[in-house]
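Below is one structure; the comments refer to it alone.
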Amino acid sequence: MLTYLYVMLGGALGTGARFWLSGFVAVRFGEFFPLGTLVVNATGSFAIGFFAALTEPEGPFLAAPGFRQFFMIGLCGGYTTFSSFSLQTLDLAQEGDWWKAGSYTALSFFGCIFAVWLGRVCALSFRST
């Protein structure tokens, strides 16, 4: 039962961080493109890749399974926004803005795959130090 509470706490913190960062990006750069969601998904992908590599069994840091669940399932799960991405892509497509819908999908997919890879690479560099 305690694990559920840790995951829910992480989810609440992640959701708050997502709300703040996507709003911050929208205020700074405008809302003509769902850049806030893209930034959240890319930074969340980086964070989960970095943390996973640091705390995996062969990693340089030992983390309790409950803490890994708190961070990876709760915090990162509450922070990233695939459902928002899906809705925003559909809205762009339904508005007939296929270029934005396509570029948003491609940037989200490749950007987040790159971010999770970069997070792992950064974390793995700790192993050689």
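By convention here, the chains of the structure tokens are called A, B, ... in the order presented, each chain's residues are numbered starting at 1, and ligands are numbered starting at 1 in the order presented.
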From a DSSP pass on the backbone, collect the residues of chain A flagged as helix (DSSP H, G or I) and hand them back as a ChimeraX atom specification. /A:2-29,35-55,65-79,82-94,98-124
File dump, residues just selected, C-alpha atoms, as a CSV table (one decimal), in the first residue's frame:
chain,number,residue,atom,x,y,z
A,2,LEU,CA,2.9,2.3,0.7
A,3,THR,CA,4.2,1.9,-2.8
A,4,TYR,CA,0.8,3.2,-4.2
A,5,LEU,CA,1.1,6.3,-2.0
A,6,TYR,CA,4.7,6.9,-3.2
A,7,VAL,CA,3.6,6.5,-6.9
A,8,MET,CA,0.6,8.8,-6.4
A,9,LEU,CA,2.8,11.4,-4.6
A,10,GLY,CA,5.3,11.3,-7.5
A,11,GLY,CA,2.4,11.6,-10.0
A,12,ALA,CA,1.1,14.7,-8.2
A,13,LEU,CA,4.5,16.3,-8.2
A,14,GLY,CA,5.1,15.5,-11.8
A,15,THR,CA,1.7,16.9,-12.8
A,16,GLY,CA,2.5,20.1,-11.0
A,17,ALA,CA,5.8,20.4,-12.7
A,18,ARG,CA,4.2,19.7,-16.1
A,19,PHE,CA,1.6,22.4,-15.5
A,20,TRP,CA,4.2,24.9,-14.5
A,21,LEU,CA,6.7,24.2,-17.3
A,22,SER,CA,4.2,24.0,-20.1
A,23,GLY,CA,2.6,27.3,-18.9
A,24,PHE,CA,6.1,28.9,-18.7
A,25,VAL,CA,6.9,27.9,-22.2
A,26,ALA,CA,3.6,29.1,-23.5
A,27,VAL,CA,4.0,32.5,-21.9
A,28,ARG,CA,7.5,32.9,-23.2
A,29,PHE,CA,7.1,31.5,-26.7
A,35,LEU,CA,5.9,23.7,-27.7
A,36,GLY,CA,5.2,23.4,-24.0
A,37,THR,CA,4.1,19.8,-24.4
A,38,LEU,CA,7.0,19.0,-26.6
A,39,VAL,CA,9.5,20.5,-24.0
A,40,VAL,CA,7.8,18.5,-21.2
A,41,ASN,CA,7.9,15.2,-23.1
A,42,ALA,CA,11.5,15.7,-24.2
A,43,THR,CA,12.8,16.7,-20.7
A,44,GLY,CA,10.7,13.9,-19.2
A,45,SER,CA,12.2,11.4,-21.6
A,46,PHE,CA,15.7,12.7,-20.7
A,47,ALA,CA,15.0,12.4,-17.0
A,48,ILE,CA,13.7,8.8,-17.2
A,49,GLY,CA,16.6,7.7,-19.4
A,50,PHE,CA,19.1,9.4,-17.0
A,51,PHE,CA,17.6,8.0,-13.9
A,52,ALA,CA,17.0,4.5,-15.3
A,53,ALA,CA,20.7,4.2,-16.3
A,54,LEU,CA,22.0,5.6,-13.0
A,55,THR,CA,19.9,3.2,-10.8
A,65,PRO,CA,12.6,-0.3,-5.8
A,66,GLY,CA,10.0,1.9,-4.2
A,67,PHE,CA,12.1,5.0,-5.0
A,68,ARG,CA,12.5,3.9,-8.6
A,69,GLN,CA,8.7,3.4,-8.9
A,70,PHE,CA,8.1,6.8,-7.3
A,71,PHE,CA,10.4,8.5,-9.8
A,72,MET,CA,9.9,6.5,-13.0
A,73,ILE,CA,6.2,5.6,-12.7
A,74,GLY,CA,4.9,8.4,-10.5
A,75,LEU,CA,7.0,11.5,-11.2
A,76,CYS,CA,7.8,10.9,-14.8
A,77,GLY,CA,4.4,9.4,-15.5
A,78,GLY,CA,2.7,12.4,-14.1
A,79,TYR,CA,5.1,14.8,-15.8
A,82,PHE,CA,1.4,11.6,-24.2
A,83,SER,CA,-2.4,12.0,-23.9
A,84,SER,CA,-2.0,15.8,-24.4
A,85,PHE,CA,0.3,15.2,-27.3
A,86,SER,CA,-2.3,12.9,-28.9
A,87,LEU,CA,-5.1,15.3,-28.5
A,88,GLN,CA,-3.1,18.3,-29.7
A,89,THR,CA,-2.0,16.3,-32.8
A,90,LEU,CA,-5.5,15.4,-33.6
A,91,ASP,CA,-6.7,19.0,-33.1
A,92,LEU,CA,-4.0,20.2,-35.5
A,93,ALA,CA,-5.0,17.6,-38.1
A,94,GLN,CA,-8.7,18.3,-37.8
A,98,TRP,CA,-1.2,18.9,-41.6
A,99,TRP,CA,2.3,20.4,-41.6
A,100,LYS,CA,2.1,21.3,-37.9
A,101,ALA,CA,0.5,18.0,-37.0
A,102,GLY,CA,3.2,16.0,-38.9
A,103,SER,CA,6.1,18.1,-37.7
A,104,TYR,CA,4.8,18.0,-34.1
A,105,THR,CA,4.6,14.2,-34.3
A,106,ALA,CA,8.0,13.8,-35.9
A,107,LEU,CA,9.7,16.2,-33.4
A,108,SER,CA,8.0,14.6,-30.5
A,109,PHE,CA,8.9,11.1,-31.5
A,110,PHE,CA,12.5,11.7,-32.6
A,111,GLY,CA,13.1,14.4,-30.0
A,112,CYS,CA,12.0,12.2,-27.1
A,113,ILE,CA,13.8,9.1,-28.4
A,114,PHE,CA,16.9,11.2,-28.6
A,115,ALA,CA,16.3,12.7,-25.2
A,116,VAL,CA,16.0,9.3,-23.5
A,117,TRP,CA,19.1,8.1,-25.3
A,118,LEU,CA,21.0,11.3,-24.2
A,119,GLY,CA,19.8,10.8,-20.6
A,120,ARG,CA,21.2,7.3,-20.6
A,121,VAL,CA,24.5,8.4,-22.1
A,122,CYS,CA,24.9,11.2,-19.6
A,123,ALA,CA,24.2,8.8,-16.7
A,124,LEU,CA,26.5,6.1,-18.1
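CA of Phe33 in chain A sits 10.8 Å away from CA of Asp97 in chain A.
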